[in-house]
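Participant: Here you go, one structure.
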Amino acid sequence: MDMDIDENSTAKGNERRTKLIMVILVGAPGSGKSTFCELVMASSSRPWVRICQDTIGNGKSGTKAQCLKSAASALNDGKSVFVDRCNLEIEQRSEFVKLGSSLVDVHAVVLDLPAQLCISRSVKRTGHEGNLSGGKAAAVVNKMLQKKELPNLNEGFKRITFCHSETEVQSAIDTYKSLGLHDALPDGCFGQKNADKKVQLGIMRFLKKAENPAKTCSNANTNKDFPSSQTTQEKKESSCTMLSNVNKESEKGEKPGVRSLENNISESDSPTLAFPSISTSDFKFSHEKAAEIIVEMVEEFMDKLGNARLVMVDLSHGSKILSLVKAKAAKKNICSTKFFTFVGDITKLKSDGGLHCNVIANAANWRLKPGGGGVNAAIFSAAGPSLEEATKQQAKSLRPGNVVAVQLPSTSPLFNREGVTHVIHVLGPNMNPQRPNYLNNDYDEGCKLLRDAYSSLFQAFISIVKDEFKSAKGIDERLGSAPSESRKHSEDTHHKFKRAELQIPERSKKWKGTQESAEALNQNNNKISHKMSKHWGSWAQALYNTAMYPERHANTVLETSDDVVVLNDIYPKARKHLLIVARYEGLDQLADVHKEHLPLLKTMHAVGMKWIDKFIHDDASLVFRLGYHSAPSMRQLHLHVISQDFDSSHLKNKKHWNSFNTDFFRDSVDVIDEVSSHGKAIIKDDESLMSMEFRCNRCRSAHPNLPKLKTHISKCQSPFPSTLLEGGRLVNASGNSRNSLS
């Protein structure tokens, strides 16, 4: 639909033509679009009209065509316009964008708030104009977020502002409130966190891998010459980089980041290393020389990073080294999505600054001990005693130019609060005569050592990322691309790492002491428990967080007791699929279970049986099985209660099928018997189980692919195998297999 704007009638009565603005708000229900409009219009000197599809039809819901007509009419009357619709897809925005002209700038304000916050608001609100509230709101928000396409300057927008937190939303509101009748805002894209980042997942979709969104806009400003009427807020915003919290090194020294109100949902950021300047503080190394080397080494590693990022961090807004590095990186045209600077506390980047860095570097001392001041003391303090203990296992000392990569135990506060999985200790060259390894101002040797230090640091980070990728790939190959347990956030990978690989970079010949420690650790690998060798990425914490804090997840938890929580599997592999999750600390998986946990196992089984009774009461045709995965992808012991129809669109591949229909799936009654008799359960984590051919779970006939298997099992009336019919492994309406577990 084409709408013509009469340029002669636009800004009628004004001797000086006013540049009109049409702001297309983009956001899910509950993101705050209507509130945004109301707050701007209440105090703006510029005349605005709000076009809302929920009320366009004489106070009732209308059509997109009505909205387009009203928007064109308002612009012809010389009024700026807010388009208050969800506008989450390009197709929904395109006809509004066409209303732009030489006299009308089209902006987008993207309210990209956490899905859980939008759902919570939508569910709880009353009197909504579109009558979207209560239980149906969650499904609507989820459905919309699945189709979300972030706006791009190439669509025809003059300006796009991304808001990822309530603080950023308020900042955008203030920006538009301050616009006078003849004021304008700079063109470009502001506040976007990562141009290559996958779209935020809906709360009901966080198990699935996101599809690649359309290529999003650059953070570059296309207009360097701002109008003289530009407000202070606009000038300040125009200097923002890709991350709205990054590099806000303003003269006023405001805090670089603000805590999100919904930190219980972490973001699916790219793997990120945060590192401080090495040697320029206590070791008195030349800032100018250090900045040259930092930018040189960053440039060298750019092509090796893949989708990973490097962030240089300093606590001070007036940091000389940050300013030098930033200026030199700009001259080299280094990609600002892969390398940028950040002002903040390296131990609180996520909680205070909204920047998730899964690896941080520590400017360590040669003894690898806490103490002193600065970054080293802060990181050891924030990570807790577990960092010092884990470091001791790796090495006793460190020589200049080298690094030691240490994986944080899941008990570390830095892991739990900030999502930091690894700390890389690095020691640089010393030009301070009061400190060990003084180089007597030999900058030839010092520059060589500093290059070695940064090269080893970046290489260790890349090794961590590669190892995480291998681990995540292994999980996908074993359980498929959408594991059946609930995930809080999707794209953070499962964190395992081979300590020896990470500890020894390419320059390992200089690492004699450290290498000996690594070899000794490898010799003792058999002594490390299964629990200690498995570390969980932030996405894998969802069940743990739900079990420990069920009150925060009231919308998804079906039942809570002192021992367990019950919830639906977000991606059920059958018509009925529940998870009974233990609420005990230290029980991450079946391998952690011992004889003292026998009462808990029986409680979990009993709760599962209770829910089966409810399901069978409603549908007597259902048959159930209760069991555990031998090697789960999600932290926190959980029991699957799954109907044997396997009638689900989420059952998509051989790994999904075999994870429930081979020995990989351990029946609850067998686990209870094994723990009772032997003190532990048998773990059957054989990779070959995941690649077994498709076989019917009843007649055991083989099938070439999943569609044919699904067609077969929908009709198969054969009895289940005798192994399942015995010992209480199956539960049906006739009471078959209901053995007592007392």
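A note on labels: chains of the structure tokens are A, B, ... as shown, every chain counts residues from 1, and ligands are counted from 1 in their shown order.
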To test your reading of the structure, identify every residue in range 327-442 of chain A that backbone DSSP assigns to strand (DSSP E), and report it as a list in words.

Facilitator: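 Residues meeting the strand (DSSP E) criterion: Phe339, Phe340, Thr341, Phe342, Val343, Val359, Ile360, Ala361, Asn362, Ala363, Val403, Val404, Ala405, Val406, Gln407, His422, Val423, Ile424, His425 and Val426 of chain A.
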
Participant: Neighbouring residues of range 608-622 of chain A were defined as those with any atom within 12 Å, considering only C-alpha atoms; residues of the same chain fewer than 5 positions away were excluded. Please report them as an NGL selection string.

Facilitator: :A and (558-559 or 564-568 or 574-581 or 601-603 or 627 or 638-647 or 668-669 or 717 or 728-735 or 737-741)

Participant: Store the residues picked out above, limited to C-alpha atoms, as a tab-separated table (two decimals), in the first residue's frame.

Facilitator:
chain	number	residue	atom	x	y	z
A	558	LEU	CA	4.27	-27.04	38.27
A	559	GLU	CA	5.07	-28.26	41.79
A	564	VAL	CA	12.09	-31.45	44.17
A	565	VAL	CA	10.55	-29.11	41.64
A	566	VAL	CA	8.43	-30.33	38.74
A	567	LEU	CA	8.22	-28.66	35.35
A	568	ASN	CA	7.34	-29.48	31.77
A	574	ALA	CA	6.42	-36.98	23.58
A	575	ARG	CA	2.86	-35.93	24.31
A	576	LYS	CA	3.68	-35.86	28.02
A	577	HIS	CA	7.21	-35.10	29.17
A	578	LEU	CA	8.01	-33.84	32.68
A	579	LEU	CA	11.23	-33.19	34.55
A	580	ILE	CA	11.44	-33.95	38.28
A	581	VAL	CA	14.45	-31.89	39.41
A	601	LEU	CA	15.66	-41.06	44.37
A	602	LYS	CA	12.59	-42.77	45.80
A	603	THR	CA	10.92	-39.41	46.39
A	627	GLY	CA	14.49	-42.50	33.90
A	638	HIS	CA	16.59	-34.62	37.02
A	639	LEU	CA	14.24	-37.50	36.29
A	640	HIS	CA	12.43	-37.71	32.95
A	641	VAL	CA	8.79	-38.78	33.05
A	642	ILE	CA	7.95	-39.43	29.41
A	643	SER	CA	5.03	-41.04	27.60
A	644	GLN	CA	6.01	-43.74	25.13
A	645	ASP	CA	4.06	-42.40	22.13
A	646	PHE	CA	6.97	-40.08	21.19
A	647	ASP	CA	4.42	-38.00	19.33
A	668	SER	CA	14.48	-45.07	37.58
A	669	VAL	CA	13.75	-48.47	39.13
A	717	GLN	CA	0.26	-52.40	18.55
A	728	GLY	CA	8.37	-51.67	36.99
A	729	ARG	CA	10.00	-49.94	34.05
A	730	LEU	CA	6.69	-49.14	32.32
A	731	VAL	CA	3.54	-47.69	33.83
A	732	ASN	CA	0.10	-47.87	32.23
A	733	ALA	CA	-3.57	-47.54	33.13
A	734	SER	CA	-4.04	-51.20	33.97
A	735	GLY	CA	-1.58	-50.92	36.81
A	737	SER	CA	4.55	-52.50	36.23
A	738	ARG	CA	3.60	-50.58	39.39
A	739	ASN	CA	6.13	-52.13	41.71
A	740	SER	CA	6.60	-50.86	45.20
A	741	LEU	CA	9.84	-49.03	45.93

Participant: So what do you get for CA of Ser178 in chain A versus CA of Lys19 in chain A, distance-wise?

Facilitator: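 Rounded to one decimal, the two atoms are 15.1 Å apart.
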
Participant: Tell me which of A:Thr347, A:Asn76, A:Gln116, A:Gln393 sits closest to Ala28 in chain A, counting only C-alpha atoms.

Facilitator: A:Gln116

Participant: Tell me which protein, DNA and RNA residues are within 10 Å of Asp282 in chain A, counting only C-alpha atoms, leaving out same-chain ones fewer than 4 positions away, and put them as a VMD selection string.

Facilitator: chain A and resid 278 372 to 374 430 to 432 434 to 435

Participant: Using only C-alpha atoms, which residues sit within 9 Å of Pro271 in chain A once same-chain residues fewer than 3 positions away are excluded, as a PyMOL selection string?

Facilitator: chain A and resi 307-310+356-359+465+492-493
